[in-house]
Amino acid sequence: MTTTTLNPGDSLTRQERRHITRQLVLALIASGALILGLLWRWLAPAQVAVADILLGFASLVVAVPVLRHAIHSLRHPSLHGLTDQLIALALLGAWASGDLLTAALLPLIMIIGHILEERSVIGSQEAIEALSKLTRSRARRVDADGNLHDIDNQDLVAGDIVEVRAGDHIPADGRILDGKASLDTAPITGESIPQEVQPGMEVYGGAINLDGRLRIEVTQTGDSSTLGKVIALMQSAEQASPPITRMLERHAASYLLLVLMIAASTWFLTQNAQAVLAVLVAACPCALVLSAPATSIAGLTVAARHGILIRGAAFLEALAELNAVVVDKTGTLTHGKLQLQAVIEQEGESAERLRAFAASLGSTSNHPVSRALVTIAPQAGWPTLDNVREHQGLGVSAHTPAGEAVLGRRELLEKYSRDLPAEPDHDGPVVGLVLNSRFLGWLLLADSLRPEAAQAMSELRELGLNRQVLLTGDRQEVARHIAQHVGIDDVIAGALPADKLHHVKVQIDHGFRPMVIGDGINDSLALKAGVVGVAMGAGGSDIAMSSADIVLIGSDLRRLGTCVRLSRRCRRTLQVNVVIGLGWTVVIVVAAALGWLGASGAVIAAILHNLSTLLVLGNAGRLLRFEEKLS
């Protein structure tokens with residue numbers, strides 16, 4: 001009658017289904033014998049012995065698993081085992097009093113209740129199994145000669161080139177080399193709006209290509225892919241015990257002793273065996289035991305549907321208590337990639353020509369500024385380069401058909417040109433271009449703010465997270481500029497990883513409960529120190545994601561508000577479930593002890609007990625209707 005602990009997504013799910021099937025078969029056999037026994041009593045009241053044999057057979061059929069699980073629970077104590085022990089005691093009491101009808105009905109009713117409980121567990125496991133299926137697909141690998149080979153995506157390795165056609169699943173995480181398409185990323189990020197992709201963009205395994213043909217270079221496969229990490233996080237979270245469940249487990253032995261004392265007192269005061277049996281059945285804490293797991297599983301499932309991966313139910317609860325935000329800048333509030341903001345060309349020069357020379361020179365270097373310039377002009381217009389030289393940290397120079405070209409910082413350009421104009425005031429990197437000692441113009445780059453950042457921070461303030469701190473290793477001027485755009489007043493700039501850890505601890509020492517948000521290796525210590533750490537999944541470092549309690553797979557900051565609202569909804573649901581589980585149990589126990597449940601008190605108590613279980617599951621199931629679409 002206990003539920004089996006499973007590893008979701010593997011063959012044990014089939015074992016769980018077989019377990020339920022066996023229980024159903026036993027319940028059907030016992031029900032048939034029970035009905036025959038009752039009919040025999042009614043049709044042939046003189047043949048009591050035959051009716052008792054049928055009822056005794058029915059009770060034995062369902063008694064075997066009950067007693068087996070009760071004995072098992074003595075060696076391996078658990079909350080579900082406590083229920084098995086109480087039902088076994090009630091069953092033995094019914095046998096001792098000669099009440100074969102109660103002895104058959106009690107375990108039969110409880111088996112039906114346990115089947116309902118196990119179905120709720122399997123629901124979460126099937127959701128994980130459905131995600132796991134996305135990691136198993138076919139792939140068209142492109143060999144060195146350009147030929148296609150149909151293989152299992154599990155055989156792909158980083159560096160392979162694959163072709164993905166319309167209707168195909170992306171077989172692994174990768175970078176688009178060629179083609180444009182619309183991707184359905186809902187299975188991974190929870191976003192209903194298709195993502196438009198083009199060369200250079202990163203894509204997730206498991207996304208669906210809606211149209212177009214793509215050539216993709218594989219970067220991550222299997223468990224190390226984004227979808228693999230999603231499944232691992234869901235499995236870990238689904239198996240975690242909420243704090244209230246752990247508290248109940250610690251006091252399980254005391255609870256059993258209390259129930260036995262109430263049952264003994266009932267017998268001493270009333271000498272009513274049915275009342276004693278009813279007390280044992282009514283005290284089964286199934287509804288209370290299910291209140292937290294059912295709520296947590298529903299909440300974690302809804303979060304995953306929205307592209308939010310929560311490591312455990314404890315963090316889901318902690319979200320509801322937050323009152324502060326500590327957020328990184330680069331890669332969190334901003335995209336973390338430099339982009340060209342403006343071109344200031346000299347009089348008589350062409351901006352297109354300036355872009356072409358800058359892109360061509362930038363393609364020869366791995367410096368972040370150079371990489372940002374590669375895409376600013378069509379490759380067909382690039383001048384050819386010879387004798388390329390990279391000046392460490394300063395720029396690049398090369399010979400071109402038009403003469404010697406130099407791209408870089410002012411310190412480098414001054415060596416090649418004497419008529420440099422004043423460098424424009426700009427919060428990001430500024431590079432210039434010189435051709436044959438003639439200055440052509442400036443290129444202004446910057447890391448762009450995420451378009452949803454200001455809205456996300458505003459939503460968190462509306463939810464009561466009014467203490468907001470921008471904590472970054474960047475310069476004060478740049479950090480202050482970003483903070484003004486998102487409405488953050490407190491800025492701490494130039495912070496090293498140890499400094500970030502210190503400042504988070506300071507917030508906690510001052511009584512705040514901060515959500516810490518980051519994406520880089522330098523944020524990992526701070527993410528661990530916060531009450532809840534949130535990592536940006538798209539582009540975030542592996543260390544940051546492993547240090548965080550929550551991962552935003554789609555990296556949309558508006559999901560932070562979703563996290564908090566969902567957690568508070570879960571808290572209210574849990575509170576109602578605890579009231580149902582505890583309050584209902586107390587009411588039934590009191591009614592049973594006072595003999596108010598009548599001559600069939602134990603059976604009525606079992607029915608009322610299962611009703612409370614259904615109420616708890618139904619209330620938790622209401623969470624599954626939680627839905628927030630991003631506009």
# chains A, B, ... in the order shown; residues from 1 in each chain; ligands from 1

$ residues_around --residues "A:Met536" --least-positions-apart "5" --cutoff "6 Å" --atoms "only C-alpha atoms" --output "list in words"
Asp519, Val551, Leu552 and Ser555 of chain A

$ atom_distance --atom1 "atom CA of A:Asn577" --atom2 "atom CA of A:Arg559"
26.2 Å

$ residues_around --residues "A:Val64" --least-positions-apart "2" --cutoff "12 Å" --atoms "only C-alpha atoms" --output "PyMOL selection string"
chain A and resi 1+23+26-27+30+57-62+66-71+84+88+91-92+103-104+107-108+111

$ residues_around --residues "A:Leu361" --least-positions-apart "6" --cutoff "9 Å" --atoms "only C-alpha atoms" --output "list in words"
Ser370, Leu373, Val374, Trp382, Pro383, Leu385, Val388, Val396, Ser397, Ala398, Ala405, Val406 and Leu407 of chain A

$ write_last_selection --atoms "all heavy atoms" --output "JSON list (two decimals), in the first residue's frame"
[["chain", "number", "residue", "atom", "x", "y", "z"],
["A", 370, "SER", "N", 36.51, 42.99, -31.03],
["A", 370, "SER", "CA", 36.67, 42.55, -32.42],
["A", 370, "SER", "C", 35.53, 41.62, -32.83],
["A", 370, "SER", "O", 34.98, 41.74, -33.94],
["A", 370, "SER", "CB", 38.01, 41.84, -32.60],
["A", 370, "SER", "OG", 39.08, 42.73, -32.33],
["A", 373, "LEU", "N", 32.42, 43.38, -33.81],
["A", 373, "LEU", "CA", 32.45, 44.15, -35.06],
["A", 373, "LEU", "C", 32.29, 43.27, -36.30],
["A", 373, "LEU", "O", 32.02, 43.78, -37.39],
["A", 373, "LEU", "CB", 33.76, 44.93, -35.16],
["A", 373, "LEU", "CG", 33.96, 46.05, -34.13],
["A", 373, "LEU", "CD1", 35.37, 46.60, -34.22],
["A", 373, "LEU", "CD2", 32.94, 47.16, -34.34],
["A", 374, "VAL", "N", 32.46, 41.96, -36.13],
["A", 374, "VAL", "CA", 32.46, 41.06, -37.29],
["A", 374, "VAL", "C", 31.14, 41.10, -38.05],
["A", 374, "VAL", "O", 31.10, 40.98, -39.28],
["A", 374, "VAL", "CB", 32.78, 39.61, -36.84],
["A", 374, "VAL", "CG1", 32.56, 38.64, -37.98],
["A", 374, "VAL", "CG2", 34.22, 39.53, -36.36],
["A", 382, "TRP", "N", 34.07, 43.05, -47.50],
["A", 382, "TRP", "CA", 35.29, 43.19, -46.73],
["A", 382, "TRP", "C", 36.51, 43.32, -47.64],
["A", 382, "TRP", "O", 36.62, 42.59, -48.64],
["A", 382, "TRP", "CB", 35.52, 41.98, -45.83],
["A", 382, "TRP", "CG", 34.52, 41.84, -44.71],
["A", 382, "TRP", "CD1", 33.46, 42.64, -44.44],
["A", 382, "TRP", "CD2", 34.51, 40.80, -43.71],
["A", 382, "TRP", "NE1", 32.78, 42.18, -43.35],
["A", 382, "TRP", "CE2", 33.40, 41.06, -42.87],
["A", 382, "TRP", "CE3", 35.33, 39.71, -43.47],
["A", 382, "TRP", "CZ2", 33.10, 40.24, -41.80],
["A", 382, "TRP", "CZ3", 35.03, 38.89, -42.39],
["A", 382, "TRP", "CH2", 33.92, 39.15, -41.56],
["A", 383, "PRO", "N", 37.46, 44.19, -47.31],
["A", 383, "PRO", "CA", 38.73, 44.23, -48.05],
["A", 383, "PRO", "C", 39.60, 43.04, -47.65],
["A", 383, "PRO", "O", 39.51, 42.53, -46.53],
["A", 383, "PRO", "CB", 39.36, 45.55, -47.61],
["A", 383, "PRO", "CG", 38.79, 45.79, -46.25],
["A", 383, "PRO", "CD", 37.38, 45.25, -46.28],
["A", 385, "LEU", "N", 43.02, 41.16, -46.50],
["A", 385, "LEU", "CA", 44.05, 41.56, -45.55],
["A", 385, "LEU", "C", 45.31, 40.73, -45.72],
["A", 385, "LEU", "O", 45.25, 39.54, -46.00],
["A", 385, "LEU", "CB", 43.54, 41.41, -44.11],
["A", 385, "LEU", "CG", 42.23, 42.12, -43.75],
["A", 385, "LEU", "CD1", 41.86, 41.81, -42.30],
["A", 385, "LEU", "CD2", 42.35, 43.62, -43.95],
["A", 388, "VAL", "N", 48.71, 40.57, -41.11],
["A", 388, "VAL", "CA", 47.89, 40.99, -39.97],
["A", 388, "VAL", "C", 48.72, 40.93, -38.69],
["A", 388, "VAL", "O", 49.43, 39.94, -38.44],
["A", 388, "VAL", "CB", 46.64, 40.08, -39.83],
["A", 388, "VAL", "CG1", 45.84, 40.49, -38.61],
["A", 388, "VAL", "CG2", 45.80, 40.16, -41.09],
["A", 396, "VAL", "N", 44.29, 45.97, -33.88],
["A", 396, "VAL", "CA", 44.76, 45.14, -34.98],
["A", 396, "VAL", "C", 45.20, 46.05, -36.12],
["A", 396, "VAL", "O", 44.57, 47.08, -36.40],
["A", 396, "VAL", "CB", 43.64, 44.18, -35.46],
["A", 396, "VAL", "CG1", 44.14, 43.33, -36.62],
["A", 396, "VAL", "CG2", 43.15, 43.30, -34.33],
["A", 397, "SER", "N", 46.27, 45.63, -36.82],
["A", 397, "SER", "CA", 46.69, 46.35, -38.03],
["A", 397, "SER", "C", 46.94, 45.33, -39.14],
["A", 397, "SER", "O", 47.24, 44.17, -38.86],
["A", 397, "SER", "CB", 47.97, 47.16, -37.77],
["A", 397, "SER", "OG", 49.04, 46.30, -37.43],
["A", 398, "ALA", "N", 46.80, 45.79, -40.40],
["A", 398, "ALA", "CA", 47.00, 44.88, -41.54],
["A", 398, "ALA", "C", 47.17, 45.70, -42.81],
["A", 398, "ALA", "O", 46.76, 46.86, -42.89],
["A", 398, "ALA", "CB", 45.81, 43.93, -41.67],
["A", 405, "ALA", "N", 45.78, 49.55, -42.75],
["A", 405, "ALA", "CA", 44.61, 49.89, -41.93],
["A", 405, "ALA", "C", 44.88, 49.49, -40.48],
["A", 405, "ALA", "O", 45.49, 48.44, -40.22],
["A", 405, "ALA", "CB", 43.37, 49.17, -42.45],
["A", 406, "VAL", "N", 44.40, 50.32, -39.56],
["A", 406, "VAL", "CA", 44.60, 50.09, -38.13],
["A", 406, "VAL", "C", 43.26, 50.27, -37.42],
["A", 406, "VAL", "O", 42.60, 51.31, -37.59],
["A", 406, "VAL", "CB", 45.65, 51.04, -37.52],
["A", 406, "VAL", "CG1", 45.88, 50.70, -36.03],
["A", 406, "VAL", "CG2", 46.95, 50.98, -38.29],
["A", 407, "LEU", "N", 42.89, 49.28, -36.63],
["A", 407, "LEU", "CA", 41.65, 49.33, -35.84],
["A", 407, "LEU", "C", 42.03, 49.16, -34.38],
["A", 407, "LEU", "O", 42.70, 48.18, -34.02],
["A", 407, "LEU", "CB", 40.69, 48.21, -36.27],
["A", 407, "LEU", "CG", 39.43, 48.04, -35.40],
["A", 407, "LEU", "CD1", 38.44, 49.16, -35.70],
["A", 407, "LEU", "CD2", 38.78, 46.68, -35.66]]

$ residues_around --residues "A:Val532" --least-positions-apart "3" --cutoff "8 Å" --atoms "only C-alpha atoms" --output "short mmCIF file (atom, residue, chain, number, x, y, z; two decimals) with C-alpha atoms, in the first residue's frame"
data_model
loop_
_atom_site.label_atom_id
_atom_site.label_comp_id
_atom_site.auth_asym_id
_atom_site.auth_seq_id
_atom_site.Cartn_x
_atom_site.Cartn_y
_atom_site.Cartn_z
CA PHE A 315 13.42 27.02 -2.45
CA ALA A 318 11.66 30.48 0.38
CA LEU A 319 10.64 32.55 -2.67
CA PRO A 514 17.62 38.65 -0.82
CA MET A 515 17.11 36.99 -4.16
CA VAL A 516 20.53 36.98 -5.83
CA LEU A 527 24.32 32.87 -5.63
CA LYS A 528 25.11 30.30 -2.93
CA ALA A 548 21.89 28.54 -8.13
CA ASP A 549 18.65 27.31 -6.58
CA ILE A 550 16.61 28.41 -9.60
#
